[in-house]
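Listing of data_10.txt; format and content: compact mmCIF, N, CA and C atoms.
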```txt
# COMPACT_ATOMS: atom_id res chain seq x y z
N MET A 484 0.82 -1.19 0.00
CA MET A 484 0.00 0.00 0.00
C MET A 484 0.87 1.27 0.00
N THR A 485 1.97 1.23 0.73
CA THR A 485 2.87 2.37 0.79
C THR A 485 3.51 2.64 -0.58
N ALA A 486 3.90 1.58 -1.27
CA ALA A 486 4.51 1.74 -2.60
C ALA A 486 3.50 2.29 -3.59
N ARG A 487 2.27 1.87 -3.48
CA ARG A 487 1.23 2.36 -4.39
C ARG A 487 0.98 3.85 -4.16
N THR A 488 0.94 4.26 -2.90
CA THR A 488 0.77 5.67 -2.58
C THR A 488 1.95 6.49 -3.08
N ALA A 489 3.15 5.97 -2.90
CA ALA A 489 4.34 6.67 -3.39
C ALA A 489 4.30 6.81 -4.90
N THR A 490 3.81 5.79 -5.59
CA THR A 490 3.75 5.83 -7.05
C THR A 490 2.76 6.88 -7.54
N ILE A 491 1.58 6.97 -6.94
CA ILE A 491 0.61 7.98 -7.39
C ILE A 491 1.14 9.38 -7.06
N ASN A 492 1.88 9.51 -5.96
CA ASN A 492 2.48 10.80 -5.64
C ASN A 492 3.55 11.18 -6.67
N GLN A 493 4.30 10.20 -7.16
CA GLN A 493 5.29 10.47 -8.21
C GLN A 493 4.59 10.90 -9.49
N ILE A 494 3.51 10.23 -9.83
CA ILE A 494 2.75 10.59 -11.03
C ILE A 494 2.25 12.02 -10.94
N LYS A 495 1.64 12.36 -9.81
CA LYS A 495 1.11 13.72 -9.63
C LYS A 495 2.23 14.76 -9.68
N GLY A 496 3.37 14.45 -9.08
CA GLY A 496 4.50 15.37 -9.11
C GLY A 496 5.04 15.56 -10.52
N MET A 497 5.10 14.48 -11.28
CA MET A 497 5.58 14.59 -12.67
C MET A 497 4.61 15.40 -13.51
N LEU A 498 3.32 15.23 -13.26
CA LEU A 498 2.33 15.99 -14.03
C LEU A 498 2.40 17.48 -13.72
N ILE A 499 2.71 17.83 -12.50
CA ILE A 499 2.84 19.25 -12.14
C ILE A 499 3.99 19.89 -12.92
N ALA A 500 5.07 19.14 -13.08
CA ALA A 500 6.25 19.67 -13.76
C ALA A 500 6.26 19.38 -15.26
N ALA A 501 5.26 18.66 -15.76
CA ALA A 501 5.21 18.25 -17.17
C ALA A 501 4.93 19.45 -18.08
N PRO A 502 5.27 19.31 -19.35
CA PRO A 502 4.91 20.35 -20.33
C PRO A 502 3.38 20.51 -20.40
N GLU A 503 2.96 21.68 -20.79
CA GLU A 503 1.53 22.02 -20.80
C GLU A 503 0.68 21.03 -21.59
N GLN A 504 1.18 20.53 -22.70
CA GLN A 504 0.38 19.61 -23.51
C GLN A 504 0.01 18.35 -22.74
N LEU A 505 0.91 17.85 -21.91
CA LEU A 505 0.61 16.67 -21.09
C LEU A 505 -0.30 17.04 -19.93
N ARG A 506 -0.04 18.16 -19.29
CA ARG A 506 -0.91 18.58 -18.18
C ARG A 506 -2.33 18.76 -18.64
N ALA A 507 -2.51 19.38 -19.79
CA ALA A 507 -3.86 19.63 -20.30
C ALA A 507 -4.59 18.33 -20.62
N ARG A 508 -3.86 17.35 -21.14
CA ARG A 508 -4.47 16.09 -21.53
C ARG A 508 -5.03 15.32 -20.32
N TYR A 509 -4.34 15.41 -19.19
CA TYR A 509 -4.72 14.62 -18.02
C TYR A 509 -5.30 15.44 -16.88
N ARG A 510 -5.55 16.71 -17.12
CA ARG A 510 -6.07 17.60 -16.09
C ARG A 510 -7.48 17.16 -15.68
N ASP A 511 -7.76 17.26 -14.41
CA ASP A 511 -9.09 17.03 -13.83
C ASP A 511 -9.58 15.58 -13.91
N LEU A 512 -8.70 14.64 -14.19
CA LEU A 512 -9.11 13.24 -14.18
C LEU A 512 -8.98 12.69 -12.76
N PRO A 513 -9.98 11.92 -12.30
CA PRO A 513 -9.80 11.25 -11.01
C PRO A 513 -8.68 10.20 -11.11
N ASN A 514 -8.15 9.80 -9.99
CA ASN A 514 -6.98 8.92 -9.98
C ASN A 514 -7.16 7.65 -10.81
N THR A 515 -8.30 6.98 -10.69
CA THR A 515 -8.48 5.72 -11.43
C THR A 515 -8.50 5.95 -12.94
N LYS A 516 -9.16 7.00 -13.38
CA LYS A 516 -9.18 7.30 -14.82
C LYS A 516 -7.83 7.80 -15.30
N LEU A 517 -7.13 8.53 -14.46
CA LEU A 517 -5.79 9.01 -14.79
C LEU A 517 -4.85 7.82 -15.00
N ILE A 518 -4.87 6.87 -14.08
CA ILE A 518 -4.02 5.69 -14.18
C ILE A 518 -4.37 4.90 -15.44
N ALA A 519 -5.65 4.71 -15.70
CA ALA A 519 -6.07 3.96 -16.89
C ALA A 519 -5.61 4.66 -18.16
N ALA A 520 -5.76 5.97 -18.22
CA ALA A 520 -5.35 6.72 -19.42
C ALA A 520 -3.84 6.66 -19.62
N LEU A 521 -3.10 6.81 -18.54
CA LEU A 521 -1.64 6.78 -18.65
C LEU A 521 -1.13 5.39 -19.00
N ALA A 522 -1.72 4.36 -18.40
CA ALA A 522 -1.26 2.99 -18.64
C ALA A 522 -1.52 2.54 -20.07
N THR A 523 -2.54 3.07 -20.69
CA THR A 523 -2.86 2.68 -22.07
C THR A 523 -2.34 3.66 -23.11
N SER A 524 -1.64 4.69 -22.64
CA SER A 524 -1.08 5.65 -23.60
C SER A 524 0.02 4.98 -24.42
N ARG A 525 0.35 5.58 -25.53
CA ARG A 525 1.35 5.00 -26.43
C ARG A 525 2.44 6.01 -26.75
N PRO A 526 3.27 6.34 -25.75
CA PRO A 526 4.36 7.28 -26.04
C PRO A 526 5.44 6.61 -26.88
N THR A 527 6.28 7.41 -27.49
CA THR A 527 7.36 6.87 -28.30
C THR A 527 8.31 6.04 -27.44
N LYS A 528 8.84 4.97 -28.01
CA LYS A 528 9.71 4.07 -27.26
C LYS A 528 11.12 4.61 -27.10
N THR A 529 11.49 5.56 -27.93
CA THR A 529 12.80 6.19 -27.81
C THR A 529 12.60 7.70 -27.66
N PRO A 530 12.32 8.14 -26.43
CA PRO A 530 12.04 9.56 -26.22
C PRO A 530 13.25 10.44 -26.50
N VAL A 531 12.97 11.57 -27.14
CA VAL A 531 14.02 12.52 -27.48
C VAL A 531 13.79 13.84 -26.73
N THR A 532 12.57 14.29 -26.68
CA THR A 532 12.26 15.56 -26.01
C THR A 532 11.85 15.31 -24.57
N ALA A 533 11.79 16.39 -23.82
CA ALA A 533 11.36 16.28 -22.42
C ALA A 533 9.91 15.80 -22.33
N ALA A 534 9.06 16.25 -23.22
CA ALA A 534 7.66 15.82 -23.20
C ALA A 534 7.55 14.33 -23.48
N GLU A 535 8.32 13.83 -24.43
CA GLU A 535 8.28 12.40 -24.74
C GLU A 535 8.81 11.56 -23.58
N ALA A 536 9.88 12.02 -22.95
CA ALA A 536 10.44 11.30 -21.81
C ALA A 536 9.48 11.30 -20.63
N THR A 537 8.81 12.41 -20.42
CA THR A 537 7.83 12.49 -19.34
C THR A 537 6.66 11.56 -19.60
N ALA A 538 6.14 11.55 -20.83
CA ALA A 538 5.03 10.68 -21.18
C ALA A 538 5.41 9.21 -21.00
N TYR A 539 6.61 8.87 -21.40
CA TYR A 539 7.09 7.49 -21.26
C TYR A 539 7.19 7.10 -19.78
N SER A 540 7.73 7.98 -18.97
CA SER A 540 7.88 7.72 -17.54
C SER A 540 6.52 7.62 -16.85
N LEU A 541 5.59 8.46 -17.25
CA LEU A 541 4.25 8.41 -16.66
C LEU A 541 3.56 7.08 -16.99
N ARG A 542 3.77 6.59 -18.19
CA ARG A 542 3.20 5.29 -18.55
C ARG A 542 3.79 4.18 -17.68
N LEU A 543 5.09 4.19 -17.49
CA LEU A 543 5.73 3.18 -16.65
C LEU A 543 5.23 3.24 -15.21
N LEU A 544 5.10 4.44 -14.68
CA LEU A 544 4.60 4.58 -13.32
C LEU A 544 3.15 4.12 -13.19
N ALA A 545 2.33 4.42 -14.18
CA ALA A 545 0.94 3.98 -14.13
C ALA A 545 0.85 2.46 -14.16
N ARG A 546 1.67 1.84 -14.96
CA ARG A 546 1.67 0.38 -15.01
C ARG A 546 2.18 -0.21 -13.70
N ARG A 547 3.15 0.45 -13.08
CA ARG A 547 3.63 0.01 -11.77
C ARG A 547 2.50 0.08 -10.76
N TRP A 548 1.73 1.19 -10.76
CA TRP A 548 0.62 1.35 -9.85
C TRP A 548 -0.40 0.22 -10.04
N LEU A 549 -0.68 -0.13 -11.29
CA LEU A 549 -1.62 -1.22 -11.56
C LEU A 549 -1.08 -2.55 -11.06
N ASP A 550 0.20 -2.78 -11.22
CA ASP A 550 0.81 -4.02 -10.73
C ASP A 550 0.74 -4.11 -9.21
N LEU A 551 0.84 -2.98 -8.55
CA LEU A 551 0.80 -2.96 -7.09
C LEU A 551 -0.62 -3.08 -6.53
N THR A 552 -1.60 -2.88 -7.38
CA THR A 552 -3.00 -2.92 -6.93
C THR A 552 -3.49 -4.33 -6.78
```
Write-out of the structure in structure tokens:
Amino acid sequence: MTARTATINQIKGMLIAAPEQLRARYRDLPNTKLIAALATSRPTKTPVTAAEATAYSLRLLARRWLDLT
């Protein structure tokens, strides 16, 4: 339970610092819908920009949260 809480806190922290395009896409989603949207997102597998790297990391964290559930 502690790891799951830490993971959602990491996701929220990354979204606060994320580029506007990512923040706008996931703004105002409740946690369960946010996790579902991030886990099923399809970011590029070889991120080059900060936005791509953030999207990729958010997907990994969302999948971790699902694994911990």
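With CA of Lys528 in chain A on one side and CA of Ser540 in chain A on the other, the separation reads 10.5 Å.
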Legend entry - Members of chain A assigned alpha helix (DSSP H) by DSSP, as a ChimeraX atom specification: /A:485-500,503-509,514-522,533-551
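Residues near the point (3.5, 9.5, -27.5), at a distance of 8 Å or less over only C-alpha atoms, make up Ser524, Arg525, Pro526, Thr527, Glu535, Ala538 and Tyr539 of chain A.
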Skip Arg542 in chain A itself and residues of its chain fewer than 5 positions away, then list as a short mmCIF file (atom, residue, chain, number, x, y, z; two decimals) with N, CA and C atoms, keeping the file's coordinate frame all residues within 7 Å of it, counting all atoms listed in the file.
```
data_model
loop_
_atom_site.label_atom_id
_atom_site.label_comp_id
_atom_site.auth_asym_id
_atom_site.auth_seq_id
_atom_site.Cartn_x
_atom_site.Cartn_y
_atom_site.Cartn_z
N LEU A 521 -3.10 6.81 -18.54
CA LEU A 521 -1.64 6.78 -18.65
C LEU A 521 -1.13 5.39 -19.00
N ALA A 522 -1.72 4.36 -18.40
CA ALA A 522 -1.26 2.99 -18.64
C ALA A 522 -1.52 2.54 -20.07
N THR A 523 -2.54 3.07 -20.69
CA THR A 523 -2.86 2.68 -22.07
C THR A 523 -2.34 3.66 -23.11
N SER A 524 -1.64 4.69 -22.64
CA SER A 524 -1.08 5.65 -23.60
C SER A 524 0.02 4.98 -24.42
N THR A 537 8.81 12.41 -20.42
CA THR A 537 7.83 12.49 -19.34
C THR A 537 6.66 11.56 -19.60
N ARG A 547 3.15 0.45 -13.08
CA ARG A 547 3.63 0.01 -11.77
C ARG A 547 2.50 0.08 -10.76
#
```
